[in-house]
Every structure is written in structure tokens, then in C-alpha cells.
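Undergrad: Data file upload_11.csv (CSV, C-alpha atoms and all ligand atoms) is appended below.
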chain,number,residue,atom,x,y,z
A,1,MET,CA,-9.2,11.4,-18.8
A,2,THR,CA,-11.9,12.6,-16.4
A,3,GLN,CA,-11.2,15.3,-13.9
A,4,ASP,CA,-11.4,12.8,-11.1
A,5,ILE,CA,-8.4,10.8,-12.3
A,6,LEU,CA,-5.3,12.7,-11.3
A,7,ILE,CA,-2.7,10.1,-12.3
A,8,ARG,CA,-3.1,7.5,-15.0
A,9,ALA,CA,-0.2,5.0,-15.4
A,10,GLU,CA,-0.5,2.8,-18.5
A,11,GLN,CA,1.4,-0.3,-19.3
A,12,LEU,CA,4.5,0.6,-17.5
A,13,TYR,CA,7.6,-1.5,-18.0
A,14,ARG,CA,11.1,-1.0,-16.6
A,15,TYR,CA,14.1,-3.2,-17.3
A,16,TYR,CA,17.4,-3.1,-15.5
A,17,SER,CA,20.0,-4.6,-17.8
A,18,GLY,CA,17.6,-7.4,-18.9
A,19,HIS,CA,15.9,-7.8,-15.6
A,20,CYS,CA,12.2,-6.7,-15.7
A,21,ALA,CA,11.5,-4.8,-12.4
A,22,VAL,CA,8.1,-3.5,-13.5
A,23,LYS,CA,5.9,-5.4,-15.8
A,24,ASN,CA,2.8,-4.1,-17.5
A,25,VAL,CA,1.6,-1.9,-14.6
A,26,SER,CA,-1.5,0.2,-15.2
A,27,PHE,CA,-3.6,2.0,-12.7
A,28,ASP,CA,-5.4,5.3,-11.9
A,29,VAL,CA,-5.2,7.5,-8.8
A,30,ARG,CA,-8.4,9.4,-8.2
A,31,ARG,CA,-9.1,12.7,-6.5
A,32,GLY,CA,-9.4,12.5,-2.7
A,33,GLU,CA,-8.2,8.9,-2.3
A,34,ILE,CA,-5.3,7.3,-0.4
A,35,LEU,CA,-4.0,4.5,-2.6
A,36,GLY,CA,-1.9,1.9,-0.9
A,37,PHE,CA,0.9,0.4,-3.0
A,38,LEU,CA,1.8,-2.7,-1.2
A,39,GLY,CA,4.4,-5.3,-1.9
A,40,PRO,CA,7.3,-7.2,-0.4
A,41,ASN,CA,10.9,-5.9,-0.7
A,42,GLY,CA,12.1,-5.9,-4.2
A,43,ALA,CA,8.6,-6.1,-5.7
A,44,GLY,CA,9.0,-2.9,-7.8
A,45,LYS,CA,7.4,-0.3,-5.6
A,46,THR,CA,10.2,2.2,-5.6
A,47,THR,CA,10.8,1.7,-9.3
A,48,THR,CA,7.2,2.5,-10.0
A,49,MET,CA,7.2,5.5,-7.6
A,50,GLN,CA,10.3,6.9,-9.3
A,51,ILE,CA,8.6,6.5,-12.7
A,52,LEU,CA,5.5,8.3,-11.5
A,53,ALA,CA,7.6,11.1,-10.0
A,54,GLY,CA,9.5,11.5,-13.3
A,55,SER,CA,12.9,10.7,-11.8
A,56,LEU,CA,13.2,7.5,-13.7
A,57,ALA,CA,12.1,6.9,-17.3
A,58,PRO,CA,10.0,3.8,-18.0
A,59,SER,CA,11.4,1.4,-20.6
A,60,SER,CA,7.9,1.7,-22.1
A,61,GLY,CA,4.5,2.9,-21.1
A,62,GLN,CA,2.9,6.3,-20.2
A,63,VAL,CA,2.2,8.4,-17.2
A,64,ARG,CA,-0.3,11.3,-17.2
A,65,ILE,CA,-0.6,13.6,-14.3
A,66,ASN,CA,-3.5,16.0,-14.3
A,67,ASP,CA,-3.8,15.1,-17.9
A,68,PHE,CA,-0.3,16.2,-18.8
A,69,ASP,CA,2.0,13.5,-20.3
A,70,LEU,CA,5.0,13.2,-18.0
A,71,LEU,CA,7.4,12.7,-20.9
A,72,ASP,CA,6.0,15.4,-23.3
A,73,LYS,CA,5.1,18.0,-20.7
A,74,PRO,CA,7.3,17.2,-17.7
A,75,LYS,CA,7.1,20.7,-16.1
A,76,GLN,CA,3.3,20.9,-16.1
A,77,ALA,CA,2.9,17.2,-15.1
A,78,LYS,CA,5.4,17.5,-12.2
A,79,GLN,CA,3.7,20.6,-10.8
A,80,GLY,CA,0.8,18.3,-9.8
A,81,LEU,CA,3.0,16.0,-7.9
A,82,GLY,CA,4.9,15.9,-4.6
A,83,TYR,CA,7.3,13.1,-3.9
A,84,LEU,CA,8.9,11.8,-0.7
A,85,PRO,CA,11.5,9.2,-1.8
A,86,GLU,CA,12.5,6.3,0.4
A,87,THR,CA,15.5,8.3,1.4
A,88,PRO,CA,14.4,11.9,1.8
A,89,PRO,CA,16.5,14.4,-0.1
A,90,LEU,CA,17.4,16.5,3.0
A,91,TYR,CA,20.3,18.8,3.6
A,92,ARG,CA,21.4,18.2,7.1
A,93,GLU,CA,23.4,21.4,7.4
A,94,LEU,CA,20.4,23.6,6.6
A,95,THR,CA,17.7,24.7,9.0
A,96,VAL,CA,14.2,23.6,8.3
A,97,THR,CA,13.2,27.0,7.0
A,98,GLU,CA,16.3,27.4,4.9
A,99,TYR,CA,15.7,24.0,3.3
A,100,LEU,CA,12.1,24.6,2.6
A,101,ALA,CA,13.0,28.0,1.0
A,102,PHE,CA,15.4,26.1,-1.3
A,103,CYS,CA,12.6,23.7,-2.1
A,104,ALA,CA,10.2,26.5,-2.8
A,105,ARG,CA,12.6,28.0,-5.4
A,106,LEU,CA,13.2,24.5,-6.8
A,107,ASN,CA,9.5,24.1,-7.4
A,108,ARG,CA,9.3,27.5,-9.1
A,109,ILE,CA,6.9,29.0,-6.6
A,110,PRO,CA,6.6,32.7,-7.5
A,111,ARG,CA,8.8,34.8,-5.2
A,112,ASN,CA,6.0,36.7,-3.6
A,113,GLN,CA,4.3,33.4,-2.6
A,114,GLN,CA,7.3,31.6,-1.3
A,115,ALA,CA,7.1,32.8,2.4
A,116,GLY,CA,3.4,31.9,2.5
A,117,ALA,CA,4.1,28.4,1.0
A,118,ILE,CA,6.9,27.8,3.5
A,119,ALA,CA,4.8,28.9,6.5
A,120,SER,CA,1.9,26.7,5.4
A,121,ALA,CA,4.1,23.6,4.9
A,122,ILE,CA,5.7,24.2,8.3
A,123,ASN,CA,2.3,24.5,9.9
A,124,ARG,CA,0.7,21.6,8.3
A,125,CYS,CA,3.6,19.2,9.0
A,126,GLY,CA,3.8,20.3,12.7
A,127,LEU,CA,7.3,21.8,12.3
A,128,LYS,CA,6.8,25.2,13.9
A,129,LYS,CA,8.9,24.6,17.0
A,130,VAL,CA,11.8,23.2,15.1
A,131,SER,CA,11.8,25.5,12.1
A,132,LYS,CA,15.1,27.2,13.0
A,133,ARG,CA,16.9,24.0,13.9
A,134,LEU,CA,19.4,22.2,11.7
A,135,ILE,CA,17.8,19.3,9.9
A,136,GLY,CA,20.8,17.0,10.9
A,137,ASN,CA,20.0,17.5,14.6
A,138,LEU,CA,16.3,16.5,14.3
A,139,SER,CA,14.9,13.2,15.3
A,140,LYS,CA,14.1,10.7,12.4
A,141,GLY,CA,10.4,11.4,12.9
A,142,TYR,CA,10.9,15.2,12.5
A,143,GLN,CA,13.2,14.6,9.5
A,144,GLN,CA,10.4,12.6,7.9
A,145,ARG,CA,8.0,15.5,8.5
A,146,VAL,CA,10.5,17.8,6.8
A,147,GLY,CA,10.6,15.4,3.9
A,148,ILE,CA,6.8,15.5,3.7
A,149,ALA,CA,6.9,19.3,3.9
A,150,GLN,CA,9.1,19.5,0.8
A,151,ALA,CA,6.6,17.2,-1.0
A,152,ILE,CA,3.6,19.5,-0.3
A,153,ILE,CA,5.3,22.9,-0.5
A,154,HIS,CA,3.9,23.6,-4.0
A,155,SER,CA,0.4,22.3,-3.2
A,156,PRO,CA,0.4,19.4,-5.6
A,157,SER,CA,-2.8,17.5,-6.2
A,158,VAL,CA,-1.1,14.1,-5.5
A,159,ILE,CA,1.6,13.2,-3.0
A,160,ILE,CA,3.7,10.0,-3.4
A,161,LEU,CA,5.1,8.7,-0.1
A,162,ASP,CA,7.6,5.9,-0.5
A,163,GLU,CA,7.9,3.9,2.8
A,164,PRO,CA,7.3,7.0,4.9
A,165,THR,CA,7.3,5.2,8.3
A,166,VAL,CA,10.4,3.0,7.8
A,167,GLY,CA,12.9,3.4,10.7
A,168,LEU,CA,10.5,5.3,12.9
A,169,ASP,CA,9.6,4.3,16.5
A,170,PRO,CA,5.9,3.4,17.2
A,171,ILE,CA,5.0,6.8,18.5
A,172,GLN,CA,6.5,8.5,15.4
A,173,ILE,CA,4.8,6.0,13.2
A,174,ARG,CA,1.4,6.9,14.7
A,175,GLU,CA,2.1,10.6,14.3
A,176,ILE,CA,3.2,10.3,10.7
A,177,ARG,CA,0.1,8.2,9.9
A,178,GLU,CA,-2.0,10.9,11.5
A,179,LEU,CA,-0.3,13.5,9.4
A,180,ILE,CA,-0.8,11.5,6.2
A,181,ARG,CA,-4.6,11.3,7.0
A,182,GLU,CA,-4.7,15.0,7.5
A,183,LEU,CA,-2.9,15.7,4.3
A,184,ALA,CA,-5.3,13.4,2.4
A,185,GLN,CA,-8.1,16.0,3.1
A,186,LYS,CA,-6.4,18.2,0.5
A,187,HIS,CA,-4.2,15.9,-1.6
A,188,SER,CA,-4.6,12.4,-3.1
A,189,VAL,CA,-1.9,10.2,-1.7
A,190,ILE,CA,0.0,7.2,-3.0
A,191,LEU,CA,1.4,5.3,-0.1
A,192,SER,CA,4.1,2.8,-1.0
A,193,THR,CA,4.7,0.3,1.8
A,194,HIS,CA,5.4,-3.3,2.7
A,195,ILE,CA,3.4,-2.9,5.9
A,196,LEU,CA,-0.1,-4.4,5.7
A,197,PRO,CA,-1.6,-2.8,8.8
A,198,GLU,CA,-0.4,0.6,7.5
A,199,VAL,CA,-2.5,0.1,4.4
A,200,GLN,CA,-5.5,-1.0,6.5
A,201,ALA,CA,-5.1,1.9,8.8
A,202,ILE,CA,-4.7,4.7,6.3
A,203,CYS,CA,-5.8,3.7,2.8
A,204,ASP,CA,-9.1,3.7,0.8
A,205,ARG,CA,-7.8,1.4,-1.9
A,206,VAL,CA,-5.0,-1.1,-2.2
A,207,GLN,CA,-2.9,-2.4,-5.0
A,208,ILE,CA,-0.6,-5.3,-4.4
A,209,ILE,CA,2.6,-5.6,-6.5
A,210,ASN,CA,4.8,-8.7,-6.6
A,211,GLN,CA,7.7,-9.4,-8.8
A,212,GLY,CA,7.0,-6.3,-10.8
A,213,GLU,CA,3.3,-7.1,-11.5
A,214,LEU,CA,0.1,-5.9,-10.0
A,215,VAL,CA,-1.6,-9.0,-8.6
A,216,LEU,CA,-4.5,-7.4,-6.8
A,217,THR,CA,-6.5,-4.1,-6.8
A,218,ASP,CA,-9.3,-3.7,-4.3
A,219,THR,CA,-10.9,-1.3,-1.9
A,220,ILE,CA,-10.1,-1.8,1.8
A,221,ALA,CA,-13.7,-2.9,2.3
A,222,GLY,CA,-13.2,-5.5,-0.5
A,223,LEU,CA,-10.0,-6.6,1.1
A,224,SER,CA,-11.9,-7.1,4.4
A,225,GLN,CA,-14.4,-9.3,2.5
A,226,ARG,CA,-11.5,-11.4,1.2
A,227,MET,CA,-10.5,-11.9,4.8
A,228,GLU,CA,-13.8,-13.6,5.6
A,229,ALA,CA,-13.7,-17.0,7.1
A,230,THR,CA,-12.5,-19.8,4.8
A,231,SER,CA,-12.1,-22.3,7.6
A,232,ILE,CA,-13.9,-23.4,10.8
A,233,LEU,CA,-12.6,-25.1,13.9
A,234,VAL,CA,-14.9,-27.8,15.3
A,235,ARG,CA,-14.8,-30.0,18.4
A,236,PHE,CA,-17.1,-33.0,19.0
A,237,ASP,CA,-17.7,-35.2,22.1
A,238,ALA,CA,-18.1,-38.2,19.8
A,239,PRO,CA,-15.9,-37.2,16.8
A,240,PRO,CA,-16.6,-38.7,13.4
A,241,THR,CA,-13.9,-39.9,11.0
A,242,THR,CA,-12.1,-37.4,8.8
A,243,GLU,CA,-13.7,-39.1,5.8
A,244,ALA,CA,-17.2,-38.4,7.2
A,245,LEU,CA,-16.3,-34.7,7.6
A,246,MET,CA,-14.8,-34.6,4.1
A,247,SER,CA,-18.1,-35.9,2.6
A,248,ILE,CA,-19.9,-32.8,3.8
A,249,LYS,CA,-20.8,-30.6,0.8
A,250,GLY,CA,-18.4,-27.6,0.5
A,251,VAL,CA,-15.6,-29.0,2.6
A,252,THR,CA,-12.4,-28.9,0.7
A,253,SER,CA,-10.0,-30.3,3.3
A,254,VAL,CA,-10.0,-31.6,6.9
A,255,GLU,CA,-7.1,-31.3,9.3
A,256,ARG,CA,-7.0,-32.9,12.8
A,257,GLU,CA,-5.4,-30.6,15.4
A,258,GLU,CA,-3.4,-31.9,18.3
A,259,ASP,CA,-6.1,-30.9,20.8
A,260,GLY,CA,-8.7,-33.0,19.0
A,261,ARG,CA,-10.3,-30.2,17.1
A,262,PHE,CA,-10.8,-30.4,13.3
A,263,ARG,CA,-10.2,-27.6,10.9
A,264,LEU,CA,-12.5,-27.7,8.0
A,265,ARG,CA,-11.6,-25.6,5.0
A,266,TYR,CA,-14.0,-24.4,2.3
A,267,GLN,CA,-14.1,-21.9,-0.5
A,268,PRO,CA,-15.7,-18.6,0.6
A,269,ASP,CA,-17.6,-18.1,-2.6
A,270,LYS,CA,-18.8,-21.7,-2.9
A,271,GLN,CA,-21.1,-23.9,-0.8
A,272,ASP,CA,-20.9,-23.0,3.0
A,273,PRO,CA,-20.7,-26.3,4.8
A,274,VAL,CA,-21.9,-25.2,8.2
A,275,GLU,CA,-25.6,-25.9,7.8
A,276,GLU,CA,-25.0,-29.5,6.6
A,277,LEU,CA,-22.3,-30.0,9.3
A,278,VAL,CA,-24.8,-29.1,12.0
A,279,ARG,CA,-27.6,-31.3,10.5
A,280,ARG,CA,-25.3,-34.3,10.3
A,281,THR,CA,-24.0,-33.7,13.8
A,282,VAL,CA,-27.5,-34.0,15.1
A,283,ASP,CA,-28.5,-37.0,12.8
A,284,LYS,CA,-25.3,-39.0,13.7
A,285,GLY,CA,-25.0,-37.9,17.3
A,286,TRP,CA,-21.5,-36.4,17.0
A,287,HIS,CA,-22.3,-34.0,19.9
A,288,LEU,CA,-20.9,-30.7,18.6
A,289,ARG,CA,-19.1,-28.8,21.4
A,290,GLU,CA,-17.4,-25.9,19.5
A,291,LEU,CA,-17.7,-24.3,16.2
A,292,THR,CA,-15.4,-21.3,15.5
A,293,PRO,CA,-15.1,-19.5,12.2
A,294,GLU,CA,-11.5,-18.5,11.4
A,295,ARG,CA,-10.9,-15.2,9.7
A,296,ARG,CA,-8.1,-14.9,7.3
A,297,THR,CA,-5.6,-12.3,8.3
A,298,LEU,CA,-4.4,-9.7,5.9
A,299,GLU,CA,-1.0,-11.3,6.2
A,300,GLU,CA,-2.4,-14.7,5.0
A,301,ILE,CA,-4.1,-13.1,2.0
A,302,PHE,CA,-0.9,-11.3,1.2
A,303,VAL,CA,1.2,-14.4,1.5
A,304,ALA,CA,-1.3,-16.4,-0.6
A,305,ILE,CA,-1.2,-13.8,-3.3
A,306,THR,CA,2.5,-13.1,-3.4
A,307,GLN,CA,3.5,-16.7,-3.2
A,308,THR,CA,1.4,-17.6,-6.1
A,309,GLU,CA,3.5,-18.3,-9.2
A,310,THR,CA,3.6,-15.2,-11.3
A,311,SER,CA,1.0,-15.6,-14.0
A,312,GLN,CA,-0.1,-13.4,-16.9
A,313,GLU,CA,-3.5,-12.8,-15.3
A,314,PRO,CA,-4.1,-10.9,-12.0
A,315,VAL,CA,-4.5,-13.5,-9.3
A,316,LEU,CA,-7.8,-12.9,-7.5
A,317,LEU,CA,-8.6,-15.1,-4.5
A,401,LIG,N1,19.3,0.6,-10.3
A,401,LIG,C1,19.0,-0.7,-10.3
A,401,LIG,N2,19.8,-1.5,-11.1
A,401,LIG,C2,19.5,-2.8,-11.1
A,401,LIG,N3,18.4,-3.4,-10.5
A,401,LIG,C3,17.6,-2.6,-9.8
A,401,LIG,C4,17.9,-1.2,-9.7
A,401,LIG,N4,16.9,-0.7,-8.9
A,401,LIG,C5,16.1,-1.7,-8.5
A,401,LIG,N5,16.5,-2.9,-9.1
A,401,LIG,C6,15.9,-4.2,-9.0
A,401,LIG,O1,14.5,-4.1,-9.4
A,401,LIG,C7,13.6,-4.8,-8.6
A,401,LIG,C8,12.6,-3.9,-7.9
A,401,LIG,O2,13.2,-3.0,-7.0
A,401,LIG,P1,12.5,-1.8,-6.3
A,401,LIG,O3,13.5,-1.1,-5.5
A,401,LIG,O4,11.6,-1.1,-7.2
A,401,LIG,O5,11.5,-2.7,-5.3
A,401,LIG,P2,10.8,-2.2,-4.0
A,401,LIG,O6,9.5,-2.9,-4.0
A,401,LIG,O7,10.8,-0.8,-3.9
A,401,LIG,O8,11.6,-2.9,-2.8
A,401,LIG,P3,12.3,-2.2,-1.6
A,401,LIG,O9,11.2,-1.9,-0.6
A,401,LIG,O10,13.2,-3.2,-1.1
A,401,LIG,O11,13.0,-0.9,-2.1
A,401,LIG,C9,14.5,-5.5,-7.5
A,401,LIG,O12,14.8,-6.8,-8.0
A,401,LIG,C10,15.8,-4.7,-7.5
A,401,LIG,O13,16.9,-5.5,-7.2
For this file, produce the structure as C-alpha cells.
Ligand SMILES: Nc1ncnc2c1ncn2[C@@H]1O[C@H](COP(=O)(O)OP(=O)(O)OP(=O)(O)O)[C@@H](O)[C@H]1O

TA:
Amino acid sequence: MTQDILIRAEQLYRYYSGHCAVKNVSFDVRRGEILGFLGPNGAGKTTTMQILAGSLAPSSGQVRINDFDLLDKPKQAKQGLGYLPETPPLYRELTVTEYLAFCARLNRIPRNQQAGAIASAINRCGLKKVSKRLIGNLSKGYQQRVGIAQAIIHSPSVIILDEPTVGLDPIQIREIRELIRELAQKHSVILSTHILPEVQAICDRVQIINQGELVLTDTIAGLSQRMEATSILVRFDAPPTTEALMSIKGVTSVEREEDGRFRLRYQPDKQDPVEELVRRTVDKGWHLRELTPERRTLEEIFVAITQTETSQEPVLL
């Protein structure tokens, strides 16, 4: 395992009384990256995160953190990892400082370094002005910050954040995303979420999980490429027949819209039909009025991938 790979998950499976929640999941987390773990509810994100964090044993498969096997060397492996579960493990009756002091002891931070670690976590998570308040009285956004503070208190190389913005208002969401970006300067981050724009806004790389299987791994740039146009909308003054449009090389389907426009679909990596369409328009006198490429949204890609029947092979669009 090279130094740049901080987590390596290999062929993870997890069964819940016969139901396979995680199927053959393998991936790496590299130094300095924010990896988005994206999937609909029930896809297996939390189960995978719990396995990585060592709080749930896989039915089979292996996790190495900083080159320590999570099963053989759990203490050393877990030292490299901070975990914010979907429901943060907060004690509402403790103040922020008291709670973080407890977490520092739990993470076996040497006694003479505990005060420094607590102060640093408080600072980095923007908790200074609420450090003496009871956690139960804080807003959901601040409680989430406390949850993140406990995940970074021992300076792990990787932080796992499971749905960190669920239940927050839009301003809190922006603040937590900003905090995650700041944290990523020092730690690698795995961000588990079902929110596509969140991945686009924060992550470098994305993995999509559906029904327990990874169905796509790509960079955010690669994902943007997948969003390139796969259809165009065209309007003519003297419209041709649908059949005439279908006969253009590269066109895979033609739909007539109610407003008289046509939607021509094509495969992005195959023949681009636009040049021939324009040539024919001129030759046949169709009088082209409008030609608009339609970009696929991330949502459409997500739906296309996750609605595909689960197959043995990763589905690449
Ligand atoms: N303790 C459990 N016992 C039985 N089935 C479980 C258990 N935990 C999860 N499952 C099932 O395993 C599958 C994956 O669940 P998981 O919580 O990992 O998904 P998820 O992607 O995190 O979804 P969500 O965002 O809704 O939590 C689901 O079908 C879920 O019902």
C-alpha cells in the first residue's frame, strides 16, 4: 500500500440476516482528497461507513487504514480515523469543553496534550463562543460542529462524515460545507451523502453506491463530462418528418414537443449528429430556427445509474 493511500477497502460484504446490504465494495481513499460516497436512502452508505470506522464488522472483506488492518490492529488503525456517525454521539448534558475532554480521553490522547487538542478542535470548528454551553442547548448546526470536533480531536489522517448536513437549515449547510473544505486541507475526508449538489460543491472524487454495490467511480471533472449534452432541441420553420430526422447519422431517437420543437437524442461518445443536421437543413430547406444542446443534470445521471438493474459489472454511462 503506497503512502498516498490512507484507506483501502477490499471486497467488503455485509449481510443482515440473509439480506446483502454491502456487496463486493472495494475502493481507496487517497491523501488530501474529499471522496463523495453518494447513494439513495438504503443504498448501504451507513453500513459501509460503520465498517470503515470499525464499529461494524464486515461479513467478509478487509479494511486497511494507514496500512494497519482494522481487524488485526484495531487500535493503530482507528487512530488514523475520525468518524461522525449519522446521529452524532453527543452528551446533551455536558458542555462542549467537557464533552471534548471526554473524547480526548476516549481517543487516548496523552494527558499533557489533551488541553491543546481540545482548544485546537474548538478553534477549528468555530466553537469558541459556545465552548462553555451545554450541548443540548445548542442549535443543530452547532451540535454538528461539536460532532465534527470529536471526529478530529486526535488529528486523524482521514475523517468520515455520514450525512453531515441532514436536518440543517440552508445557512448552517453552507457553514458546515465551508468547515469541511477547511478541514480537508489537513485531513482526507469521506463524505457520505444522498445530496448530489453537495458532492459537486465539496468533493474531488465521487463513488456512487446503489443496492449495496458501487456503480460508478469518477472524478468530479469526469462526472461533469458525463453531464455533456446527449440531446438537442431543434425548431424549424418548415419542419421535416420525424423519420427524416431519425435518418440522420448518430440520432438515436426523436421526440416531438408540444411547442413544435424536436428533441433529438444521441450517444455522447458516438457520432455527433449536429453537422449532418445542419447540412440537411440547408439542402432540404427546413429553415432551422433554433438549436439548443441540452446538458444532462447530475440528477439525471444519478437516476440513470441507480435505476439500472443491478448487474455484476459497474454500470458506466
Ligand atoms: N441493523 C440492521 N438490520 C437489518 N437490516 C439493516 C440494518 N442496518 C441496515 N440495514 C439494511 O441494509 C441496507 C443498507 O442500509 P444503510 O443504512 O447502510 O443505507 P444508507 O445508504 O446509509 O441509507 P440511509 O441514508 O437511509 O441511512 C438497507 O436495506 C437497510 O434496511

Undergrad: Which value, in Å to one decimal, gives the distance between CA of Val303 (chain A) and atom C10 of ligand LIG 401 (chain A)?

TA: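 We find that CA of Val303 (chain A) and atom C10 of ligand LIG 401 (chain A) lie 19.7 Å from each other.
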
Undergrad: Throw together the list of residues within 7 Å of ligand LIG 401 (chain A), counting only C-alpha atoms and all ligand atoms, and drop it here as a ChimeraX atom specification.

TA: /A:16-17,21,39-48,194,212

Undergrad: Choose the residue, out of A:Thr193, A:Ser59, A:Gln150, A:Gln172, that has the smallest atom-to-atom separation from Ala119 (chain A); count all atoms listed in the file.

TA: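 Looking at the shortest contact to Ala119 (chain A), the residue is A:Gln150.
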
Undergrad: Mind giving me the straight-line distance from CA of Ile232 (chain A) to CA of Pro197 (chain A) in Å, one decimal?

TA: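 Going from CA of Ile232 (chain A) over to CA of Pro197 (chain A) covers 24.1 Å.
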
Undergrad: I want to know what sits within 7 Å of Gly36 (chain A), based on all atoms listed in the file, with residues of the same chain fewer than 3 positions away left out; could you give that as a list in words?

TA: Ile190, Leu191, Ser192, Val199, Cys203, Arg205, Val206 and Gln207 of chain A
